[in-house]
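Dumped query30.pdb below, it's PDB, C-alpha atoms, pLDDT in the B column:
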```pdb
ATOM      1  CA  MET A1403      -1.377 -72.545  78.056  1.00 58.00           C
ATOM      2  CA  THR A1404      -1.494 -75.832  76.105  1.00 68.00           C
ATOM      3  CA  GLY A1405      -2.782 -76.220  72.546  1.00 68.00           C
ATOM      4  CA  MET A1406      -6.035 -77.718  73.816  1.00 71.00           C
ATOM      5  CA  GLN A1407      -6.479 -74.855  76.272  1.00 70.00           C
ATOM      6  CA  GLN A1408      -5.982 -72.339  73.477  1.00 67.00           C
ATOM      7  CA  LEU A1409      -8.512 -74.124  71.278  1.00 66.00           C
ATOM      8  CA  TYR A1410     -11.120 -74.718  73.991  1.00 67.00           C
ATOM      9  CA  PRO A1411     -10.378 -72.249  76.822  1.00 66.00           C
ATOM     10  CA  PHE A1412     -13.887 -72.587  78.239  1.00 59.00           C
ATOM     11  CA  LEU A1413     -13.143 -76.195  79.267  1.00 63.00           C
ATOM     12  CA  TYR A1414     -10.264 -75.126  81.515  1.00 66.00           C
ATOM     13  CA  GLY A1415     -11.909 -72.434  83.643  1.00 59.00           C
ATOM     14  CA  GLY A1416     -11.444 -74.344  86.902  1.00 58.00           C
ATOM     15  CA  GLY A1417     -14.194 -74.028  89.447  1.00 53.00           C
ATOM     16  CA  ARG A1418     -16.481 -71.646  87.588  1.00 60.00           C
ATOM     17  CA  GLY A1419     -20.210 -72.173  87.614  1.00 68.00           C
ATOM     18  CA  LEU A1420     -22.287 -73.725  84.846  1.00 73.00           C
ATOM     19  CA  ASP A1421     -23.654 -70.346  83.720  1.00 77.00           C
ATOM     20  CA  ALA A1422     -20.165 -68.955  83.155  1.00 76.00           C
ATOM     21  CA  LEU A1423     -19.117 -72.119  81.320  1.00 71.00           C
ATOM     22  CA  MET A1424     -22.153 -72.000  79.030  1.00 77.00           C
ATOM     23  CA  ALA A1425     -21.533 -68.313  78.330  1.00 76.00           C
ATOM     24  CA  ASP A1426     -18.012 -69.196  77.180  1.00 75.00           C
ATOM     25  CA  VAL A1427     -19.373 -71.990  74.996  1.00 74.00           C
ATOM     26  CA  ARG A1428     -21.879 -69.633  73.381  1.00 79.00           C
ATOM     27  CA  ARG A1429     -19.209 -66.990  72.806  1.00 77.00           C
ATOM     28  CA  SER A1430     -16.786 -69.528  71.305  1.00 71.00           C
ATOM     29  CA  THR A1431     -19.495 -70.906  69.019  1.00 76.00           C
ATOM     30  CA  ALA A1432     -20.497 -67.429  67.876  1.00 76.00           C
ATOM     31  CA  GLU A1433     -16.881 -66.507  67.131  1.00 72.00           C
ATOM     32  CA  LYS A1434     -16.318 -69.661  65.053  1.00 76.00           C
ATOM     33  CA  THR A1435     -19.594 -69.121  63.202  1.00 76.00           C
ATOM     34  CA  ALA A1436     -18.602 -65.560  62.363  1.00 75.00           C
ATOM     35  CA  ASP A1437     -15.146 -66.722  61.222  1.00 75.00           C
ATOM     36  CA  ILE A1438     -16.500 -69.274  58.765  1.00 78.00           C
ATOM     37  CA  ALA A1439     -19.146 -66.862  57.474  1.00 82.00           C
ATOM     38  CA  ARG A1440     -16.454 -64.266  56.717  1.00 86.00           C
ATOM     39  CA  LEU A1441     -14.198 -66.870  55.112  1.00 83.00           C
ATOM     40  CA  ARG A1442     -16.966 -68.277  52.919  1.00 82.00           C
ATOM     41  CA  GLU A1443     -17.966 -64.801  51.816  1.00 89.00           C
ATOM     42  CA  SER A1444     -14.389 -63.821  50.957  1.00 87.00           C
ATOM     43  CA  VAL A1445     -13.771 -67.043  49.000  1.00 90.00           C
ATOM     44  CA  LEU A1446     -16.934 -66.650  46.942  1.00 89.00           C
ATOM     45  CA  GLU A1447     -16.130 -62.994  46.324  1.00 91.00           C
ATOM     46  CA  GLU A1448     -12.603 -63.817  45.151  1.00 92.00           C
ATOM     47  CA  TYR A1449     -13.547 -66.779  42.985  1.00 94.00           C
ATOM     48  CA  GLY A1450     -17.035 -65.856  41.819  1.00 93.00           C
ATOM     49  CA  GLU A1451     -16.095 -65.377  38.176  1.00 95.00           C
ATOM     50  CA  ALA A1452     -13.708 -68.342  38.158  1.00 95.00           C
ATOM     51  CA  LEU A1453     -16.410 -70.598  39.640  1.00 96.00           C
ATOM     52  CA  ALA A1454     -18.799 -69.559  36.869  1.00 96.00           C
ATOM     53  CA  VAL A1455     -16.202 -70.323  34.193  1.00 95.00           C
ATOM     54  CA  CYS A1456     -15.358 -73.683  35.783  1.00 96.00           C
ATOM     55  CA  ALA A1457     -19.031 -74.619  36.081  1.00 97.00           C
ATOM     56  CA  ALA A1458     -19.622 -73.726  32.421  1.00 96.00           C
ATOM     57  CA  ARG A1459     -16.790 -76.052  31.416  1.00 96.00           C
ATOM     58  CA  MET A1460     -18.115 -78.792  33.669  1.00 97.00           C
ATOM     59  CA  ALA A1461     -21.553 -78.390  32.104  1.00 97.00           C
ATOM     60  CA  ASP A1462     -20.016 -78.657  28.636  1.00 96.00           C
ATOM     61  CA  ALA A1463     -18.227 -81.833  29.737  1.00 97.00           C
ATOM     62  CA  PHE A1464     -21.442 -83.398  31.033  1.00 98.00           C
ATOM     63  CA  ARG A1465     -23.301 -82.433  27.852  1.00 97.00           C
ATOM     64  CA  SER A1466     -20.660 -84.271  25.843  1.00 97.00           C
ATOM     65  CA  GLY A1467     -20.949 -87.440  27.923  1.00 98.00           C
ATOM     66  CA  GLY A1468     -18.212 -86.641  30.433  1.00 98.00           C
ATOM     67  CA  ARG A1469     -18.140 -88.035  33.945  1.00 98.00           C
ATOM     68  CA  LEU A1470     -16.981 -86.594  37.265  1.00 98.00           C
ATOM     69  CA  PHE A1471     -14.373 -88.418  39.387  1.00 98.00           C
ATOM     70  CA  THR A1472     -13.744 -87.070  42.904  1.00 98.00           C
ATOM     71  CA  PHE A1473     -11.042 -87.978  45.426  1.00 98.00           C
ATOM     72  CA  GLY A1474      -9.312 -86.880  48.634  1.00 98.00           C
ATOM     73  CA  ASN A1475      -7.715 -88.217  51.825  1.00 98.00           C
ATOM     74  CA  GLY A1476      -9.067 -88.424  55.353  1.00 96.00           C
ATOM     75  CA  GLY A1477     -11.847 -85.919  55.933  1.00 95.00           C
ATOM     76  CA  SER A1478     -11.468 -84.818  52.332  1.00 97.00           C
ATOM     77  CA  SER A1479     -12.330 -88.364  51.222  1.00 97.00           C
ATOM     78  CA  THR A1480     -15.771 -88.001  52.791  1.00 97.00           C
ATOM     79  CA  ASP A1481     -16.084 -84.581  51.166  1.00 98.00           C
ATOM     80  CA  ALA A1482     -15.228 -86.234  47.836  1.00 98.00           C
ATOM     81  CA  GLN A1483     -18.033 -88.717  48.425  1.00 98.00           C
ATOM     82  CA  ASP A1484     -20.367 -85.853  49.272  1.00 98.00           C
ATOM     83  CA  VAL A1485     -19.507 -84.111  45.983  1.00 98.00           C
ATOM     84  CA  ALA A1486     -20.159 -87.285  43.975  1.00 98.00           C
ATOM     85  CA  ALA A1487     -23.461 -87.914  45.758  1.00 97.00           C
ATOM     86  CA  LEU A1488     -24.524 -84.305  45.227  1.00 97.00           C
ATOM     87  CA  PHE A1489     -23.984 -84.496  41.460  1.00 98.00           C
ATOM     88  CA  LEU A1490     -25.320 -88.038  41.067  1.00 97.00           C
ATOM     89  CA  ASN A1491     -28.386 -87.768  43.292  1.00 94.00           C
ATOM     90  CA  PRO A1492     -29.236 -84.079  43.792  1.00 93.00           C
ATOM     91  CA  GLY A1493     -32.882 -84.599  44.692  1.00 86.00           C
ATOM     92  CA  GLY A1494     -35.719 -82.281  43.802  1.00 87.00           C
ATOM     93  CA  ALA A1495     -35.585 -80.845  40.305  1.00 86.00           C
ATOM     94  CA  GLY A1496     -31.812 -81.206  40.020  1.00 88.00           C
ATOM     95  CA  ARG A1497     -30.441 -83.109  37.028  1.00 95.00           C
ATOM     96  CA  PRO A1498     -28.616 -86.326  38.009  1.00 97.00           C
ATOM     97  CA  LEU A1499     -25.092 -86.356  36.567  1.00 98.00           C
ATOM     98  CA  PRO A1500     -22.577 -89.212  36.283  1.00 98.00           C
ATOM     99  CA  ALA A1501     -20.193 -88.949  39.225  1.00 98.00           C
ATOM    100  CA  LEU A1502     -18.004 -91.406  41.119  1.00 98.00           C
ATOM    101  CA  ALA A1503     -15.884 -91.002  44.260  1.00 98.00           C
ATOM    102  CA  LEU A1504     -12.596 -92.885  43.891  1.00 98.00           C
ATOM    103  CA  THR A1505     -12.412 -93.318  47.670  1.00 96.00           C
ATOM    104  CA  THR A1506     -15.263 -95.819  48.055  1.00 96.00           C
ATOM    105  CA  ASP A1507     -13.820 -99.118  46.751  1.00 95.00           C
ATOM    106  CA  VAL A1508     -11.869-100.494  49.706  1.00 95.00           C
ATOM    107  CA  ALA A1509     -10.615-103.509  47.762  1.00 97.00           C
ATOM    108  CA  VAL A1510      -9.096-101.329  45.027  1.00 97.00           C
ATOM    109  CA  LEU A1511      -7.597 -98.835  47.496  1.00 97.00           C
ATOM    110  CA  THR A1512      -5.995-101.505  49.657  1.00 97.00           C
ATOM    111  CA  ALA A1513      -4.777-103.577  46.696  1.00 98.00           C
ATOM    112  CA  LEU A1514      -3.060-100.609  45.060  1.00 97.00           C
ATOM    113  CA  SER A1515      -1.634 -99.441  48.397  1.00 97.00           C
ATOM    114  CA  ASN A1516      -0.293-102.888  49.236  1.00 97.00           C
ATOM    115  CA  ASP A1517       0.976-103.902  45.809  1.00 97.00           C
ATOM    116  CA  ILE A1518       2.335-100.598  44.507  1.00 97.00           C
ATOM    117  CA  GLY A1519       2.007 -97.710  46.950  1.00 98.00           C
ATOM    118  CA  PHE A1520      -0.546 -95.301  48.338  1.00 97.00           C
ATOM    119  CA  GLU A1521       0.610 -92.528  46.005  1.00 97.00           C
ATOM    120  CA  VAL A1522      -1.031 -94.292  43.013  1.00 98.00           C
ATOM    121  CA  VAL A1523      -4.459 -95.127  44.486  1.00 98.00           C
ATOM    122  CA  PHE A1524      -6.242 -92.385  42.535  1.00 98.00           C
ATOM    123  CA  ALA A1525      -3.977 -92.068  39.498  1.00 98.00           C
ATOM    124  CA  ARG A1526      -4.346 -95.776  38.650  1.00 98.00           C
ATOM    125  CA  GLN A1527      -8.131 -95.504  38.813  1.00 98.00           C
ATOM    126  CA  LEU A1528      -8.102 -92.505  36.500  1.00 98.00           C
ATOM    127  CA  ALA A1529      -5.784 -94.386  34.160  1.00 98.00           C
ATOM    128  CA  ALA A1530      -8.389 -97.157  34.014  1.00 97.00           C
ATOM    129  CA  PHE A1531     -11.575 -95.089  33.863  1.00 97.00           C
ATOM    130  CA  GLY A1532     -10.645 -91.578  32.713  1.00 97.00           C
ATOM    131  CA  ARG A1533     -11.332 -90.384  29.182  1.00 97.00           C
ATOM    132  CA  PRO A1534     -10.774 -87.063  27.410  1.00 96.00           C
ATOM    133  CA  GLY A1535     -13.600 -84.756  28.421  1.00 95.00           C
ATOM    134  CA  ASP A1536     -14.105 -86.283  31.874  1.00 98.00           C
ATOM    135  CA  ILE A1537     -13.639 -84.214  35.067  1.00 98.00           C
ATOM    136  CA  ALA A1538     -11.206 -84.930  37.920  1.00 98.00           C
ATOM    137  CA  LEU A1539     -11.947 -83.062  41.165  1.00 98.00           C
ATOM    138  CA  ALA A1540      -9.352 -83.281  43.960  1.00 98.00           C
ATOM    139  CA  LEU A1541      -9.953 -82.068  47.508  1.00 98.00           C
ATOM    140  CA  SER A1542      -7.155 -81.359  49.991  1.00 98.00           C
ATOM    141  CA  THR A1543      -6.788 -79.104  53.022  1.00 97.00           C
ATOM    142  CA  SER A1544      -3.058 -78.616  52.387  1.00 95.00           C
ATOM    143  CA  GLY A1545      -2.710 -79.133  48.645  1.00 96.00           C
ATOM    144  CA  ASN A1546       0.367 -81.299  49.319  1.00 96.00           C
ATOM    145  CA  SER A1547      -0.915 -84.876  49.036  1.00 97.00           C
ATOM    146  CA  ASP A1548       1.308 -86.888  46.691  1.00 97.00           C
ATOM    147  CA  ASN A1549      -1.523 -89.155  45.569  1.00 98.00           C
ATOM    148  CA  LEU A1550      -3.663 -86.164  44.587  1.00 98.00           C
ATOM    149  CA  ILE A1551      -0.804 -84.584  42.638  1.00 97.00           C
ATOM    150  CA  ALA A1552      -0.205 -87.890  40.826  1.00 97.00           C
ATOM    151  CA  ALA A1553      -3.909 -88.156  39.990  1.00 97.00           C
ATOM    152  CA  LEU A1554      -4.105 -84.595  38.706  1.00 96.00           C
ATOM    153  CA  ARG A1555      -1.092 -85.217  36.466  1.00 95.00           C
ATOM    154  CA  GLU A1556      -2.732 -88.388  35.171  1.00 96.00           C
ATOM    155  CA  ALA A1557      -5.923 -86.437  34.500  1.00 95.00           C
ATOM    156  CA  GLY A1558      -3.919 -83.929  32.485  1.00 93.00           C
ATOM    157  CA  ARG A1559      -2.315 -86.676  30.435  1.00 94.00           C
ATOM    158  CA  ARG A1560      -5.738 -88.083  29.645  1.00 95.00           C
ATOM    159  CA  GLY A1561      -7.243 -84.793  28.507  1.00 94.00           C
ATOM    160  CA  MET A1562      -9.542 -84.441  31.491  1.00 96.00           C
ATOM    161  CA  LEU A1563     -10.698 -81.179  33.041  1.00 96.00           C
ATOM    162  CA  ALA A1564      -8.875 -80.892  36.387  1.00 96.00           C
ATOM    163  CA  VAL A1565     -10.411 -79.055  39.345  1.00 97.00           C
ATOM    164  CA  GLY A1566      -8.572 -78.663  42.655  1.00 97.00           C
ATOM    165  CA  LEU A1567      -9.766 -77.473  46.066  1.00 98.00           C
ATOM    166  CA  ALA A1568      -6.993 -76.693  48.556  1.00 97.00           C
ATOM    167  CA  GLY A1569      -6.331 -74.700  51.725  1.00 96.00           C
ATOM    168  CA  TYR A1570      -3.520 -72.597  53.211  1.00 94.00           C
ATOM    169  CA  THR A1571      -1.716 -71.187  50.121  1.00 95.00           C
ATOM    170  CA  GLY A1572      -2.507 -74.085  47.798  1.00 95.00           C
ATOM    171  CA  GLY A1573       0.640 -76.139  48.474  1.00 96.00           C
ATOM    172  CA  GLN A1574       1.972 -78.312  45.667  1.00 95.00           C
ATOM    173  CA  MET A1575      -1.296 -77.982  43.794  1.00 95.00           C
ATOM    174  CA  ALA A1576      -0.652 -74.278  43.277  1.00 94.00           C
ATOM    175  CA  GLU A1577       2.797 -75.088  41.893  1.00 93.00           C
ATOM    176  CA  GLU A1578       1.516 -77.585  39.325  1.00 91.00           C
ATOM    177  CA  PRO A1579       1.790 -76.228  35.759  1.00 87.00           C
ATOM    178  CA  ALA A1580      -1.851 -77.102  35.109  1.00 81.00           C
ATOM    179  CA  PHE A1581      -2.939 -74.726  37.869  1.00 82.00           C
ATOM    180  CA  SER A1582      -0.132 -72.159  38.069  1.00 70.00           C
ATOM    181  CA  ALA A1583      -0.729 -70.848  34.551  1.00 63.00           C
ATOM    182  CA  PRO A1584      -4.097 -69.598  33.269  1.00 61.00           C
ATOM    183  CA  GLY A1585      -5.746 -72.219  31.136  1.00 65.00           C
ATOM    184  CA  ARG A1586      -8.209 -75.038  31.076  1.00 74.00           C
ATOM    185  CA  HIS A1587      -7.862 -76.215  34.666  1.00 92.00           C
ATOM    186  CA  HIS A1588      -9.120 -74.601  37.878  1.00 96.00           C
ATOM    187  CA  LEU A1589      -7.780 -74.316  41.444  1.00 96.00           C
ATOM    188  CA  PHE A1590      -9.738 -72.803  44.334  1.00 97.00           C
ATOM    189  CA  VAL A1591      -7.694 -72.058  47.466  1.00 96.00           C
ATOM    190  CA  VAL A1592      -9.260 -71.343  50.863  1.00 96.00           C
ATOM    191  CA  PRO A1593      -6.790 -68.994  52.613  1.00 93.00           C
ATOM    192  CA  SER A1594      -6.880 -70.455  56.111  1.00 93.00           C
ATOM    193  CA  SER A1595      -4.512 -72.516  58.265  1.00 91.00           C
ATOM    194  CA  SER A1596      -7.423 -74.170  60.096  1.00 92.00           C
ATOM    195  CA  VAL A1597      -8.356 -77.579  58.673  1.00 93.00           C
ATOM    196  CA  HIS A1598     -11.895 -77.140  59.980  1.00 91.00           C
ATOM    197  CA  ARG A1599     -12.398 -73.729  58.376  1.00 92.00           C
ATOM    198  CA  VAL A1600     -10.869 -74.954  55.101  1.00 95.00           C
ATOM    199  CA  GLN A1601     -13.230 -77.930  54.861  1.00 95.00           C
ATOM    200  CA  GLU A1602     -16.253 -75.824  55.760  1.00 93.00           C
ATOM    201  CA  ALA A1603     -15.428 -73.271  53.075  1.00 94.00           C
ATOM    202  CA  GLN A1604     -14.656 -75.990  50.528  1.00 96.00           C
ATOM    203  CA  ALA A1605     -18.168 -77.347  51.071  1.00 95.00           C
ATOM    204  CA  THR A1606     -19.457 -73.926  50.047  1.00 94.00           C
ATOM    205  CA  VAL A1607     -17.218 -73.939  46.967  1.00 96.00           C
ATOM    206  CA  TYR A1608     -18.338 -77.320  45.661  1.00 97.00           C
ATOM    207  CA  HIS A1609     -21.995 -76.600  46.381  1.00 96.00           C
ATOM    208  CA  ALA A1610     -21.609 -73.367  44.408  1.00 96.00           C
ATOM    209  CA  LEU A1611     -19.998 -75.322  41.577  1.00 97.00           C
ATOM    210  CA  TRP A1612     -22.882 -77.779  41.585  1.00 97.00           C
ATOM    211  CA  GLU A1613     -25.534 -75.029  41.542  1.00 96.00           C
ATOM    212  CA  LEU A1614     -23.770 -73.133  38.764  1.00 97.00           C
ATOM    213  CA  THR A1615     -23.325 -76.336  36.741  1.00 98.00           C
ATOM    214  CA  GLN A1616     -27.011 -77.130  37.102  1.00 97.00           C
ATOM    215  CA  ALA A1617     -27.891 -73.592  36.012  1.00 96.00           C
ATOM    216  CA  GLU A1618     -25.637 -73.905  32.954  1.00 96.00           C
ATOM    217  CA  LEU A1619     -27.206 -77.222  31.984  1.00 96.00           C
ATOM    218  CA  ALA A1620     -30.662 -75.662  32.238  1.00 93.00           C
ATOM    219  CA  ARG A1621     -29.694 -73.065  29.625  1.00 87.00           C
ATOM    220  CA  PRO A1622     -29.802 -73.705  25.869  1.00 78.00           C
ATOM    221  CA  GLU A1623     -26.606 -75.320  24.629  1.00 67.00           C
ATOM    222  CA  SER A1624     -23.643 -73.093  23.889  1.00 49.00           C
ATOM    223  CA  THR A1625     -23.415 -71.613  20.397  1.00 48.00           C
ATOM    224  CA  GLY A1626     -19.687 -72.346  20.372  1.00 46.00           C
ATOM    225  CA  GLU A1627     -18.561 -69.103  21.968  1.00 48.00           C
ATOM    226  CA  ALA A1628     -15.248 -69.663  23.725  1.00 44.00           C
ATOM    227  CA  ARG A1629     -15.234 -69.611  27.499  1.00 46.00           C
TER     228      ARG A1629
END
```
Could you write out this file's structure as structure tokens?
Amino acid sequence: MTGMQQLYPFLYGGGRGLDALMADVRRSTAEKTADIARLRESVLEEYGEALAVCAARMADAFRSGGRLFTFGNGGSSTDAQDVAALFLNPGGAGRPLPALALTTDVAVLTALSNDIGFEVVFARQLAAFGRPGDIALALSTSGNSDNLIAALREAGRRGMLAVGLAGYTGGQMAEEPAFSAPGRHHLFVVPSSSVHRVQEAQATVYHALWELTQAELARPESTGEAR
């Protein structure tokens, strides 16, 4: 059985009727839905307290004039744009917050890639825009993207709060000193080898972060108690 047959067995039934095909489609859809529901639940259960702590620090950063910079590659680049749009234009009663996706300026991305190398496309932007107290949020399904690692290191040098979302076992992100030791920065790993499941669960993570940040900002300002 080929990889495609394993992923979509209902497309390779050969001669079966439409009813049988649709039954397979429904079963496959239900199985995938159950998988992502279980994964999302387990991730939120594992990281519930850490998400609250991270959101409190993000809220403190926004209160102090900090800004959010998001970035990722491929599908994660669109997720990064979704995060920035969510914080900047939440709709309803949500508080708009300064957020920018570093994946949206094609001229900057292509200039840096052509003139220097793709590994610097996010780090150089943080070097130009980042200030102490800002937030850098990196999204990756593997955690192994060189340009994300370079950007996270640049964020650390600039005194920014670094937040990472990764899949599998966290990859290089999990090995970075900023994330491997307890401290100021935060890494949330979705334990799955499926890119699709990782991205779906990461959407839950960053929506939870946004909701918790909004809730923190709605509270009276901190009295200085350490978080």
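Reported to one decimal place, the separation of CA of Gln1574 in chain A from CA of Asn1546 in chain A is 5.0 Å.
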Exercise. Once the PyMOL selection byres ((chain A and resi 1476) around 12) has been applied to the shown file, what residues remain in the selection, as a count of residues only?
Worked result: 18
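The coordinates place CA of Val1591 in chain A at 26.8 Å from CA of Leu1511 in chain A.
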Quick one: residues within 7 Å of Tyr1570 in chain A, only C-alpha atoms, excluding same-chain residues fewer than 3 positions away - as a PDB file with C-alpha atoms, in the frame of the given file?
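And here is the file that came out, result32.pdb:
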```
ATOM      1  CA  SER A1544      -3.058 -78.616  52.387  1.00 95.00           C
ATOM      2  CA  VAL A1592      -9.260 -71.343  50.863  1.00 96.00           C
ATOM      3  CA  PRO A1593      -6.790 -68.994  52.613  1.00 93.00           C
ATOM      4  CA  SER A1594      -6.880 -70.455  56.111  1.00 93.00           C
ATOM      5  CA  SER A1595      -4.512 -72.516  58.265  1.00 91.00           C
TER       6      SER A1595
END
```
Box for range 1593-1607 of chain A: with edges along x, y and z, all listed atoms inside and 5 Å added on each side, what are the centre and edge lengths in Å to one decimal, as lines of an AutoDock Vina configuration file?
```
center_x = -12.0
center_y = -73.5
center_z = 53.5
size_x = 24.9
size_y = 18.9
size_z = 23.1
```
For this session: Determine the residue set returned by the PyMOL selection byres ((chain A and resi 1446-1451) around 10) for the present structure, and present it as a VMD selection string.
Result: chain A and resid 1441 to 1445 1452 to 1457 1589 to 1592 1603 1606 to 1607 1610 to 1611
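Excluding Asp1462 in chain A itself and same-chain residues fewer than 4 positions from it, the residues having an atom within 10 Å of it are Cys1456, Ala1457, Ala1458, Ser1466, Gly1467, Gly1468, Gly1535, Thr1615, Glu1618, Leu1619, Glu1623 and Ser1624 of chain A, counting only C-alpha atoms.
For the atom pair formed by CA of Val1508 in chain A and CA of Met1460 in chain A, the distance is 27.7 Å, given to one decimal.
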What's around Leu1488 in chain A at 9 Å? Count only C-alpha atoms, leave out sequence neighbours fewer than 2 positions away in its own chain, and write the answer as a PDB file with C-alpha atoms, in the coordinates of the input.
```pdb
ATOM      1  CA  GLN A1483     -18.033 -88.717  48.425  1.00 98.00           C
ATOM      2  CA  ASP A1484     -20.367 -85.853  49.272  1.00 98.00           C
ATOM      3  CA  VAL A1485     -19.507 -84.111  45.983  1.00 98.00           C
ATOM      4  CA  ALA A1486     -20.159 -87.285  43.975  1.00 98.00           C
ATOM      5  CA  LEU A1490     -25.320 -88.038  41.067  1.00 97.00           C
ATOM      6  CA  ASN A1491     -28.386 -87.768  43.292  1.00 94.00           C
ATOM      7  CA  PRO A1492     -29.236 -84.079  43.792  1.00 93.00           C
ATOM      8  CA  GLY A1493     -32.882 -84.599  44.692  1.00 86.00           C
ATOM      9  CA  PRO A1498     -28.616 -86.326  38.009  1.00 97.00           C
ATOM     10  CA  LEU A1499     -25.092 -86.356  36.567  1.00 98.00           C
ATOM     11  CA  ALA A1501     -20.193 -88.949  39.225  1.00 98.00           C
ATOM     12  CA  HIS A1609     -21.995 -76.600  46.381  1.00 96.00           C
ATOM     13  CA  TRP A1612     -22.882 -77.779  41.585  1.00 97.00           C
TER      14      TRP A1612
END
```
For this session: Choose the residue, out of A:Leu1550, A:Gly1519, A:Arg1459, A:Phe1524, that has the smallest atom-to-atom separation from His1588 in chain A; count all atoms listed in the file.
Result: A:Arg1459
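Nearest to Phe1581 in chain A of all the residues A:Arg1440, A:Arg1621, A:Arg1555, A:Arg1560 is A:Arg1555, based on only C-alpha atoms.
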Exercise. For this file, the PyMOL selection byres ((chain A and resi 1548) around 10) selects which residues, as a PyMOL selection string?
Worked result: chain A and resi 1520-1522+1545-1547+1549-1554+1574-1575
Missing atoms in range 1515-1534 of chain A: fill them in up to N, CA and C atoms and send the result as a PDB file, in the frame of the given file.
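Saved the output as rebuild-v6.pdb:
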```
ATOM      1  N   SER A1515      -2.528 -99.865  47.325  1.00 97.00           N
ATOM      2  CA  SER A1515      -1.634 -99.441  48.397  1.00 97.00           C
ATOM      3  C   SER A1515      -0.649-100.545  48.759  1.00 97.00           C
ATOM      4  N   ASN A1516      -1.138-101.765  48.830  1.00 97.00           N
ATOM      5  CA  ASN A1516      -0.293-102.888  49.236  1.00 97.00           C
ATOM      6  C   ASN A1516       0.664-103.315  48.135  1.00 97.00           C
ATOM      7  N   ASP A1517       0.176-103.349  46.902  1.00 97.00           N
ATOM      8  CA  ASP A1517       0.976-103.902  45.809  1.00 97.00           C
ATOM      9  C   ASP A1517       1.916-102.886  45.179  1.00 97.00           C
ATOM     10  N   ILE A1518       1.532-101.624  45.179  1.00 97.00           N
ATOM     11  CA  ILE A1518       2.335-100.598  44.507  1.00 97.00           C
ATOM     12  C   ILE A1518       2.721 -99.474  45.455  1.00 97.00           C
ATOM     13  N   GLY A1519       1.746 -98.821  46.036  1.00 98.00           N
ATOM     14  CA  GLY A1519       2.007 -97.710  46.950  1.00 98.00           C
ATOM     15  C   GLY A1519       0.810 -96.788  47.005  1.00 98.00           C
ATOM     16  N   PHE A1520       0.648 -96.120  48.143  1.00 97.00           N
ATOM     17  CA  PHE A1520      -0.546 -95.301  48.338  1.00 97.00           C
ATOM     18  C   PHE A1520      -0.580 -94.104  47.390  1.00 97.00           C
ATOM     19  N   GLU A1521       0.577 -93.710  46.867  1.00 97.00           N
ATOM     20  CA  GLU A1521       0.610 -92.528  46.005  1.00 97.00           C
ATOM     21  C   GLU A1521      -0.099 -92.762  44.675  1.00 97.00           C
ATOM     22  N   VAL A1522      -0.410 -94.021  44.324  1.00 98.00           N
ATOM     23  CA  VAL A1522      -1.031 -94.292  43.013  1.00 98.00           C
ATOM     24  C   VAL A1522      -2.518 -94.625  43.115  1.00 98.00           C
ATOM     25  N   VAL A1523      -3.102 -94.586  44.325  1.00 98.00           N
ATOM     26  CA  VAL A1523      -4.459 -95.127  44.486  1.00 98.00           C
ATOM     27  C   VAL A1523      -5.504 -94.397  43.643  1.00 98.00           C
ATOM     28  N   PHE A1524      -5.291 -93.125  43.361  1.00 98.00           N
ATOM     29  CA  PHE A1524      -6.242 -92.385  42.535  1.00 98.00           C
ATOM     30  C   PHE A1524      -5.789 -92.311  41.070  1.00 98.00           C
ATOM     31  N   ALA A1525      -4.498 -92.159  40.864  1.00 98.00           N
ATOM     32  CA  ALA A1525      -3.977 -92.068  39.498  1.00 98.00           C
ATOM     33  C   ALA A1525      -4.270 -93.344  38.719  1.00 98.00           C
ATOM     34  N   ARG A1526      -4.097 -94.514  39.344  1.00 98.00           N
ATOM     35  CA  ARG A1526      -4.346 -95.776  38.650  1.00 98.00           C
ATOM     36  C   ARG A1526      -5.824 -95.908  38.270  1.00 98.00           C
ATOM     37  N   GLN A1527      -6.702 -95.433  39.136  1.00 98.00           N
ATOM     38  CA  GLN A1527      -8.131 -95.504  38.813  1.00 98.00           C
ATOM     39  C   GLN A1527      -8.481 -94.576  37.654  1.00 98.00           C
ATOM     40  N   LEU A1528      -7.869 -93.401  37.633  1.00 98.00           N
ATOM     41  CA  LEU A1528      -8.102 -92.505  36.500  1.00 98.00           C
ATOM     42  C   LEU A1528      -7.514 -93.076  35.221  1.00 98.00           C
ATOM     43  N   ALA A1529      -6.381 -93.760  35.333  1.00 98.00           N
ATOM     44  CA  ALA A1529      -5.784 -94.386  34.160  1.00 98.00           C
ATOM     45  C   ALA A1529      -6.716 -95.448  33.586  1.00 98.00           C
ATOM     46  N   ALA A1530      -7.476 -96.104  34.464  1.00 97.00           N
ATOM     47  CA  ALA A1530      -8.389 -97.157  34.014  1.00 97.00           C
ATOM     48  C   ALA A1530      -9.715 -96.593  33.495  1.00 97.00           C
ATOM     49  N   PHE A1531     -10.231 -95.571  34.174  1.00 97.00           N
ATOM     50  CA  PHE A1531     -11.575 -95.089  33.863  1.00 97.00           C
ATOM     51  C   PHE A1531     -11.607 -93.784  33.070  1.00 97.00           C
ATOM     52  N   GLY A1532     -10.595 -92.935  33.246  1.00 97.00           N
ATOM     53  CA  GLY A1532     -10.645 -91.578  32.713  1.00 97.00           C
ATOM     54  C   GLY A1532     -10.567 -91.531  31.199  1.00 97.00           C
ATOM     55  N   ARG A1533     -11.333 -90.610  30.617  1.00 97.00           N
ATOM     56  CA  ARG A1533     -11.332 -90.384  29.182  1.00 97.00           C
ATOM     57  C   ARG A1533     -11.233 -88.886  28.919  1.00 97.00           C
ATOM     58  N   PRO A1534     -10.754 -88.495  27.743  1.00 96.00           N
ATOM     59  CA  PRO A1534     -10.774 -87.063  27.410  1.00 96.00           C
ATOM     60  C   PRO A1534     -12.188 -86.513  27.551  1.00 96.00           C
TER      61      PRO A1534
END
```
